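A.B. asks: Sharing data.pdb, PDB, C-alpha atoms:
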ATOM      1  CA  PRO O   1       0.000   0.000   0.000
ATOM      2  CA  THR O   2       1.081   3.563  -0.680
ATOM      3  CA  ASP O   3       1.766   5.791   2.275
ATOM      4  CA  PRO O   4      -0.324   8.970   1.831
ATOM      5  CA  LEU O   5       2.040  10.808   4.208
ATOM      6  CA  ALA O   6       5.255   9.793   2.398
ATOM      7  CA  ASP O   7       5.263  13.118   0.598
ATOM      8  CA  GLY O   8       4.229  15.102   3.672
ATOM      9  CA  LEU O   9       5.960  18.314   4.642
ATOM     10  CA  LEU O  10       7.936  16.631   7.439
ATOM     11  CA  LYS O  11       9.334  13.934   5.107
ATOM     12  CA  ARG O  12      10.288  16.594   2.542
ATOM     13  CA  LEU O  13      12.016  18.646   5.228
ATOM     14  CA  GLN O  14      13.845  15.583   6.575
ATOM     15  CA  ARG O  15      15.075  14.624   3.087
ATOM     16  CA  ASP O  16      16.290  18.150   2.364
ATOM     17  CA  LEU O  17      18.089  18.356   5.703
ATOM     18  CA  PHE O  18      19.606  14.897   5.285
ATOM     19  CA  HIS O  19      20.948  15.789   1.829
ATOM     20  CA  ARG O  20      21.909  19.325   2.939
ATOM     21  CA  ARG O  21      19.933  20.947   0.166
ATOM     22  CA  ALA O  22      19.766  24.727   0.126
ATOM     23  CA  GLU O  23      16.719  24.534  -2.137
ATOM     24  CA  PRO O  24      13.854  22.036  -1.767
ATOM     25  CA  GLY O  25      14.420  18.731  -3.578
ATOM     26  CA  ALA O  26      10.754  18.428  -4.535
ATOM     27  CA  PRO O  27       8.698  20.917  -6.527
ATOM     28  CA  ARG O  28       7.185  23.699  -4.450
ATOM     29  CA  ARG O  29       3.489  23.424  -3.721
ATOM     30  CA  GLU O  30       1.073  26.161  -4.705
ATOM     31  CA  ALA O  31      -0.501  26.199  -1.253
ATOM     32  CA  VAL O  32      -0.051  24.643   2.168
ATOM     33  CA  ASP O  33      -1.827  21.308   2.456
ATOM     34  CA  ARG O  34      -3.967  21.913   5.551
ATOM     35  CA  GLY O  35      -4.732  18.189   5.743
ATOM     36  CA  ASP O  36      -1.031  17.293   6.160
ATOM     37  CA  PRO O  37      -0.560  16.423   9.848
ATOM     38  CA  THR O  38       3.185  15.786   9.619
ATOM     39  CA  LEU O  39       4.356  19.306  10.524
ATOM     40  CA  GLN O  40       2.254  21.723  12.534
ATOM     41  CA  VAL O  41       2.732  25.106  14.165
ATOM     42  CA  HIS O  42       0.513  26.215  17.058
ATOM     43  CA  ALA O  43       0.499  29.507  18.966
ATOM     44  CA  CYS O  44      -0.575  29.237  22.601
ATOM     45  CA  HIS O  45      -0.865  31.830  25.365
ATOM     46  CA  THR O  46       0.525  29.803  28.254
ATOM     47  CA  ARG O  47       2.633  26.720  28.909
ATOM     48  CA  LEU O  48      -0.433  24.913  30.213
ATOM     49  CA  ARG O  49      -2.282  25.617  26.970
ATOM     50  CA  GLU O  50       0.755  24.453  24.962
ATOM     51  CA  VAL O  51       0.679  21.093  26.741
ATOM     52  CA  GLN O  52      -3.111  20.795  26.345
ATOM     53  CA  VAL O  53      -2.846  21.453  22.602
ATOM     54  CA  LEU O  54       0.055  18.993  22.361
ATOM     55  CA  HIS O  55      -2.056  16.286  24.036
ATOM     56  CA  ASP O  56      -5.017  16.931  21.740
ATOM     57  CA  GLN O  57      -2.841  16.910  18.609
ATOM     58  CA  LEU O  58      -1.039  13.717  19.650
ATOM     59  CA  ARG O  59      -4.368  12.045  20.407
ATOM     60  CA  GLY O  60      -5.546  13.074  16.926
ATOM     61  CA  LEU O  61      -2.416  11.637  15.310
ATOM     62  CA  LEU O  62      -2.744   8.365  17.237
ATOM     63  CA  GLU O  63      -6.318   8.018  15.967
ATOM     64  CA  ASP O  64      -5.535   9.177  12.400
ATOM     65  CA  GLY O  65      -6.460   6.389   9.975
ATOM     66  CA  ARG O  66      -3.957   7.608   7.365
ATOM     67  CA  PHE O  67      -1.118   6.000   9.331
ATOM     68  CA  ASP O  68      -0.737   2.390   8.226
ATOM     69  CA  PRO O  69       0.224   0.718  10.516
ATOM     70  CA  PRO O  70      -1.293   3.030  13.148
ATOM     71  CA  LEU O  71       1.052   5.397  14.934
ATOM     72  CA  GLN O  72       2.085   4.157  18.405
ATOM     73  CA  PRO O  73       2.982   6.324  21.446
ATOM     74  CA  ARG O  74       6.453   4.724  21.581
ATOM     75  CA  GLU O  75       7.161   6.221  18.124
ATOM     76  CA  ILE O  76       6.623   9.794  19.314
ATOM     77  CA  ALA O  77       9.311  12.019  20.798
ATOM     78  CA  VAL O  78       8.524  15.556  21.896
ATOM     79  CA  LEU O  79      11.648  17.698  22.149
ATOM     80  CA  ALA O  80      12.044  20.969  24.021
ATOM     81  CA  PRO O  81      15.140  23.073  24.688
ATOM     82  CA  ASP O  82      14.229  23.346  28.389
ATOM     83  CA  ILE O  83      11.636  20.878  29.644
ATOM     84  CA  ASP O  84      11.798  21.856  33.327
ATOM     85  CA  PRO O  85       9.221  24.700  33.214
ATOM     86  CA  TYR O  86       6.755  22.316  31.542
ATOM     87  CA  VAL O  87       7.043  19.413  34.013
ATOM     88  CA  PRO O  88       4.097  20.377  36.275
ATOM     89  CA  TYR O  89       1.858  20.972  33.246
ATOM     90  CA  ILE O  90       2.856  17.714  31.564
ATOM     91  CA  GLU O  91       2.078  15.799  34.736
ATOM     92  CA  ALA O  92      -1.266  17.599  35.109
ATOM     93  CA  VAL O  93      -2.395  17.136  31.496
ATOM     94  CA  PHE O  94      -0.911  13.744  30.594
ATOM     95  CA  GLY O  95      -0.733  12.152  34.052
ATOM     96  CA  GLY O  96      -4.185  13.390  35.020
ATOM     97  CA  ARG O  97      -5.740  11.172  32.360
ATOM     98  CA  ALA O  98      -4.331   7.877  33.657
ATOM     99  CA  GLY O  99      -6.984   5.165  33.409
ATOM    100  CA  GLN O 100      -9.070   7.172  30.922
ATOM    101  CA  PRO O 101      -9.576   6.100  27.292
ATOM    102  CA  ASP O 102      -7.632   9.101  25.962
ATOM    103  CA  PHE O 103      -4.582   8.421  28.176
ATOM    104  CA  ILE O 104      -1.276   8.633  26.294
ATOM    105  CA  PRO O 105       1.594   6.853  28.049
ATOM    106  CA  TYR O 106       4.586   9.149  28.476
ATOM    107  CA  ALA O 107       7.995   9.384  30.086
ATOM    108  CA  LEU O 108      10.120  12.446  30.788
ATOM    109  CA  ALA O 109      13.826  12.547  30.093
ATOM    110  CA  ASP O 110      16.416  15.174  30.992
ATOM    111  CA  ALA O 111      14.177  16.887  33.534
ATOM    112  CA  SER O 112      16.021  18.348  36.461
ATOM    113  CA  PRO O 113      15.199  16.630  39.762
ATOM    114  CA  LEU O 114      14.542  20.149  41.099
ATOM    115  CA  ALA O 115      11.996  21.025  38.370
ATOM    116  CA  GLY O 116       9.023  20.288  40.600
ATOM    117  CA  GLU O 117      10.322  22.413  43.475
ATOM    118  CA  PRO O 118       8.754  25.900  43.449
ATOM    119  CA  LEU O 119      11.507  27.372  45.635
ATOM    120  CA  VAL O 120      14.159  26.487  43.049
ATOM    121  CA  GLU O 121      12.666  28.917  40.531
ATOM    122  CA  VAL O 122      12.531  31.626  43.209
ATOM    123  CA  PHE O 123      16.136  30.910  44.182
ATOM    124  CA  LEU O 124      17.315  31.109  40.547
ATOM    125  CA  ARG O 125      15.455  34.390  40.039
ATOM    126  CA  LEU O 126      17.051  35.801  43.192
ATOM    127  CA  LEU O 127      20.488  34.784  41.922
ATOM    128  CA  ALA O 128      19.803  36.666  38.676
ATOM    129  CA  LEU O 129      18.706  39.888  40.410
ATOM    130  CA  PRO O 130      22.163  41.509  40.808
ATOM    131  CA  VAL O 131      22.654  41.603  37.026
ATOM    132  CA  SER O 132      19.022  42.315  36.125
ATOM    133  CA  ARG O 133      17.468  45.623  35.127
ATOM    134  CA  PHE O 134      14.978  45.411  38.028
ATOM    135  CA  GLY O 135      12.061  45.872  35.672
ATOM    136  CA  LEU O 136       8.658  46.367  37.263
ATOM    137  CA  HIS O 137       7.145  43.192  35.811
ATOM    138  CA  GLU O 138      10.293  41.200  36.514
ATOM    139  CA  VAL O 139      10.124  42.127  40.217
ATOM    140  CA  LEU O 140       6.350  41.655  40.413
ATOM    141  CA  ASP O 141       6.652  38.193  38.823
ATOM    142  CA  LEU O 142       9.150  37.296  41.537
ATOM    143  CA  VAL O 143       6.878  38.603  44.304
ATOM    144  CA  ALA O 144       3.894  36.776  42.738
ATOM    145  CA  SER O 145       5.673  33.409  42.714
ATOM    146  CA  PRO O 146       3.613  31.092  44.949
ATOM    147  CA  PRO O 147       6.205  30.622  47.724
ATOM    148  CA  LEU O 148       6.864  34.360  48.157
ATOM    149  CA  ALA O 149       3.251  35.469  47.715
ATOM    150  CA  GLU O 150       2.118  32.896  50.276
ATOM    151  CA  ALA O 151       4.841  33.886  52.741
ATOM    152  CA  ALA O 152       3.896  37.568  52.386
ATOM    153  CA  GLY O 153       0.160  36.845  52.574
ATOM    154  CA  LEU O 154      -0.483  38.303  49.109
ATOM    155  CA  ASP O 155      -3.488  37.013  47.206
ATOM    156  CA  ALA O 156      -4.358  37.876  43.588
ATOM    157  CA  MET O 157      -6.204  41.068  44.604
ATOM    158  CA  ALA O 158      -3.285  42.271  46.739
ATOM    159  CA  LEU O 159      -0.815  41.589  43.917
ATOM    160  CA  GLU O 160      -2.992  43.533  41.486
ATOM    161  CA  ARG O 161      -3.216  46.422  43.973
ATOM    162  CA  LEU O 162       0.584  46.362  44.450
ATOM    163  CA  HIS O 163       1.044  46.472  40.666
ATOM    164  CA  ASP O 164      -1.293  49.461  40.377
ATOM    165  CA  TRP O 165       0.461  51.335  43.214
ATOM    166  CA  LEU O 166       3.925  50.771  41.776
ATOM    167  CA  GLN O 167       2.742  51.695  38.282
ATOM    168  CA  ALA O 168       1.165  54.916  39.606
ATOM    169  CA  ALA O 169       4.290  55.695  41.654
ATOM    170  CA  GLY O 170       6.396  55.518  38.503
ATOM    171  CA  ALA O 171       8.497  52.383  38.995
ATOM    172  CA  ARG O 172       9.546  51.077  35.580
ATOM    173  CA  TRP O 173      13.116  49.793  35.723
ATOM    174  CA  GLY O 174      16.447  50.425  37.406
ATOM    175  CA  LEU O 175      17.204  50.924  41.077
ATOM    176  CA  ASP O 176      18.506  54.481  40.659
ATOM    177  CA  ALA O 177      20.377  56.698  38.166
ATOM    178  CA  GLY O 178      23.688  54.866  38.684
ATOM    179  CA  HIS O 179      22.084  51.473  38.123
ATOM    180  CA  ARG O 180      20.552  52.691  34.868
ATOM    181  CA  GLN O 181      23.898  54.068  33.729
ATOM    182  CA  ARG O 182      25.544  50.685  34.355
ATOM    183  CA  HIS O 183      22.958  49.226  31.924
ATOM    184  CA  GLY O 184      23.888  51.665  29.163
ATOM    185  CA  ALA O 185      21.078  54.180  29.694
ATOM    186  CA  PRO O 186      21.465  57.850  30.652
ATOM    187  CA  ALA O 187      22.083  58.433  34.365
ATOM    188  CA  ASP O 188      18.521  59.614  34.951
ATOM    189  CA  ALA O 189      16.608  58.588  38.061
ATOM    190  CA  THR O 190      13.169  59.183  36.509
ATOM    191  CA  TRP O 191      11.001  56.031  36.503
ATOM    192  CA  THR O 192      13.453  54.107  38.728
ATOM    193  CA  TRP O 193      12.555  52.364  41.977
ATOM    194  CA  ARG O 194      14.170  55.222  43.954
ATOM    195  CA  PHE O 195      12.004  57.685  41.972
ATOM    196  CA  ALA O 196       8.879  55.670  42.840
TER     197      ALA O 196
END
Could you quickly redo this structure as structure tokens?

C.D. replies:
Amino acid sequence: PTDPLADGLLKRLQRDLFHRRAEPGAPRREAVDRGDPTLQVHACHTRLREVQVLHDQLRGLLEDGRFDPPLQPREIAVLAPDIDPYVPYIEAVFGGRAGQPDFIPYALADASPLAGEPLVEVFLRLLALPVSRFGLHEVLDLVASPPLAEAAGLDAMALERLHDWLQAAGARWGLDAGHRQRHGAPADATWTWRFA
């Protein structure tokens, strides 16, 4: 039987990369084949949504009748440059379906053993502070991290109020004029934390 996906975009890309072709080895298509599932691009607003879309797309591929023999979970590898930020979402989306008909077996590789520890992210952000620009959103993201927000007794409303106060006070970035100058900006204290 002929494989209807043998001439899919992914196979074409793989052949061109394998043969190091600067130009495509097959004739260009007039339009994108929207029915070709071999290579897809999705835009998502959050990491959680990315993982949800990934699950739905993988489930669709596993049930796609065009694969002969059918695609198996063991044949799928999902690669990411840094998997650690995704670990809690992967476990929630994929692991939360264990025992259900749409469960997709999975295994994580190369995840840091500290990826599931919320204090590690806070610690790494704190380590980066001395060389940061101390941007308003950068600092507020740190304060809003669950361990710090909980320790300070800040709920979502309090964090929103804090954001509004700091915005109204004029905090944008930089500790003071000297800090801004060290980051290549004019030595102006306007819109710094000291200004606010």

A.B. asks: Which of these residues is nearest to Leu175 in chain O, using all atoms listed in the file: O:Ala152, O:Ala31, O:Glu160, O:Leu136?

C.D. replies: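 Distance minimum relative to Leu175 in chain O lands on O:Leu136.
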
A.B. asks: What is the distance between CA of Ile104 in chain O and CA of Glu117 in chain O, in Å to one decimal?

C.D. replies: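 These atoms are spaced 24.9 Å apart.
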
A.B. asks: Kindly resolve the PyMOL selection byres ((chain O and resi 67-81) around 12) on the present coordinates and return the residues as a PDB file with C-alpha atoms, in the coordinates of the input.

C.D. replies:
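What follows is the written file part-v1.pdb:
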ATOM      1  CA  PRO O   1       0.000   0.000   0.000  1.00  0.00           C
ATOM      2  CA  THR O   2       1.081   3.563  -0.680  1.00  0.00           C
ATOM      3  CA  ASP O   3       1.766   5.791   2.275  1.00  0.00           C
ATOM      4  CA  PRO O   4      -0.324   8.970   1.831  1.00  0.00           C
ATOM      5  CA  LEU O   5       2.040  10.808   4.208  1.00  0.00           C
ATOM      6  CA  ALA O   6       5.255   9.793   2.398  1.00  0.00           C
ATOM      7  CA  GLY O   8       4.229  15.102   3.672  1.00  0.00           C
ATOM      8  CA  ASP O  36      -1.031  17.293   6.160  1.00  0.00           C
ATOM      9  CA  PRO O  37      -0.560  16.423   9.848  1.00  0.00           C
ATOM     10  CA  THR O  38       3.185  15.786   9.619  1.00  0.00           C
ATOM     11  CA  GLU O  50       0.755  24.453  24.962  1.00  0.00           C
ATOM     12  CA  VAL O  51       0.679  21.093  26.741  1.00  0.00           C
ATOM     13  CA  LEU O  54       0.055  18.993  22.361  1.00  0.00           C
ATOM     14  CA  HIS O  55      -2.056  16.286  24.036  1.00  0.00           C
ATOM     15  CA  GLN O  57      -2.841  16.910  18.609  1.00  0.00           C
ATOM     16  CA  LEU O  58      -1.039  13.717  19.650  1.00  0.00           C
ATOM     17  CA  ARG O  59      -4.368  12.045  20.407  1.00  0.00           C
ATOM     18  CA  GLY O  60      -5.546  13.074  16.926  1.00  0.00           C
ATOM     19  CA  LEU O  61      -2.416  11.637  15.310  1.00  0.00           C
ATOM     20  CA  LEU O  62      -2.744   8.365  17.237  1.00  0.00           C
ATOM     21  CA  GLU O  63      -6.318   8.018  15.967  1.00  0.00           C
ATOM     22  CA  ASP O  64      -5.535   9.177  12.400  1.00  0.00           C
ATOM     23  CA  GLY O  65      -6.460   6.389   9.975  1.00  0.00           C
ATOM     24  CA  ARG O  66      -3.957   7.608   7.365  1.00  0.00           C
ATOM     25  CA  ASP O  82      14.229  23.346  28.389  1.00  0.00           C
ATOM     26  CA  ILE O  83      11.636  20.878  29.644  1.00  0.00           C
ATOM     27  CA  ASP O  84      11.798  21.856  33.327  1.00  0.00           C
ATOM     28  CA  PRO O  85       9.221  24.700  33.214  1.00  0.00           C
ATOM     29  CA  TYR O  86       6.755  22.316  31.542  1.00  0.00           C
ATOM     30  CA  VAL O  87       7.043  19.413  34.013  1.00  0.00           C
ATOM     31  CA  ILE O  90       2.856  17.714  31.564  1.00  0.00           C
ATOM     32  CA  ASP O 102      -7.632   9.101  25.962  1.00  0.00           C
ATOM     33  CA  PHE O 103      -4.582   8.421  28.176  1.00  0.00           C
ATOM     34  CA  ILE O 104      -1.276   8.633  26.294  1.00  0.00           C
ATOM     35  CA  PRO O 105       1.594   6.853  28.049  1.00  0.00           C
ATOM     36  CA  TYR O 106       4.586   9.149  28.476  1.00  0.00           C
ATOM     37  CA  ALA O 107       7.995   9.384  30.086  1.00  0.00           C
ATOM     38  CA  LEU O 108      10.120  12.446  30.788  1.00  0.00           C
ATOM     39  CA  ALA O 109      13.826  12.547  30.093  1.00  0.00           C
ATOM     40  CA  ASP O 110      16.416  15.174  30.992  1.00  0.00           C
ATOM     41  CA  ALA O 111      14.177  16.887  33.534  1.00  0.00           C
TER      42      ALA O 111
END

A.B. asks: Can you give me, as a VMD selection string, the residues this file yields under the PyMOL selection byres ((chain O and resi 177) around 7)?

C.D. replies: chain O and resid 176 178 to 181 187 to 189

A.B. asks: Quick check, in Å to one decimal: how far apart do CA of His42 in chain O and CA of Lys11 in chain O lie?

C.D. replies: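 Separation between CA of His42 in chain O and CA of Lys11 in chain O: 19.3 Å.
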
A.B. asks: Pick out the closest residue to His183 in chain O from this set: O:Arg133, O:His163, O:Arg20, O:Arg34. Count all atoms listed in the file.

C.D. replies: O:Arg133

A.B. asks: Output the residue selection produced by the PyMOL selection byres ((chain O and resi 48) around 9) on the file above, formatted as a ChimeraX atom specification.

C.D. replies: /O:44-47,49-53,86,88-90,92-93

A.B. asks: Just how far from CA of Thr192 in chain O is CA of Ala171 in chain O, in Å to one decimal?

C.D. replies: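 Rounded to one decimal, the two atoms are 5.3 Å apart.
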
A.B. asks: Considering all atoms listed in the file, can you say which of O:Trp191, O:Phe18, O:Phe94, O:Trp173 comes closest to Val139 in chain O?

C.D. replies: O:Trp173

A.B. asks: Contacts of Ala149 in chain O at 12 Å or less, counting only C-alpha atoms, minus same-chain residues fewer than 5 places along, as JSON, numbers by chain?

C.D. replies: {"O": [118, 119, 122, 140, 141, 142, 143, 144, 154, 155, 156, 157, 158, 159, 160, 162]}

A.B. asks: Put those residues in a file: C-alpha atoms, as a PDB file, keeping the file's coordinate frame.

C.D. replies:
ATOM      1  CA  PRO O 118       8.754  25.900  43.449  1.00  0.00           C
ATOM      2  CA  LEU O 119      11.507  27.372  45.635  1.00  0.00           C
ATOM      3  CA  VAL O 122      12.531  31.626  43.209  1.00  0.00           C
ATOM      4  CA  LEU O 140       6.350  41.655  40.413  1.00  0.00           C
ATOM      5  CA  ASP O 141       6.652  38.193  38.823  1.00  0.00           C
ATOM      6  CA  LEU O 142       9.150  37.296  41.537  1.00  0.00           C
ATOM      7  CA  VAL O 143       6.878  38.603  44.304  1.00  0.00           C
ATOM      8  CA  ALA O 144       3.894  36.776  42.738  1.00  0.00           C
ATOM      9  CA  LEU O 154      -0.483  38.303  49.109  1.00  0.00           C
ATOM     10  CA  ASP O 155      -3.488  37.013  47.206  1.00  0.00           C
ATOM     11  CA  ALA O 156      -4.358  37.876  43.588  1.00  0.00           C
ATOM     12  CA  MET O 157      -6.204  41.068  44.604  1.00  0.00           C
ATOM     13  CA  ALA O 158      -3.285  42.271  46.739  1.00  0.00           C
ATOM     14  CA  LEU O 159      -0.815  41.589  43.917  1.00  0.00           C
ATOM     15  CA  GLU O 160      -2.992  43.533  41.486  1.00  0.00           C
ATOM     16  CA  LEU O 162       0.584  46.362  44.450  1.00  0.00           C
TER      17      LEU O 162
END

A.B. asks: May I have the centre and edge lengths, in Å to one decimal, of an axis-aligned box around the listed atoms of range 78-88 of chain O with 8 Å added to every side, as lines of an AutoDock Vina configuration file?

C.D. replies:
center_x = 9.6
center_y = 20.1
center_z = 29.1
size_x = 27.0
size_y = 25.1
size_z = 30.4
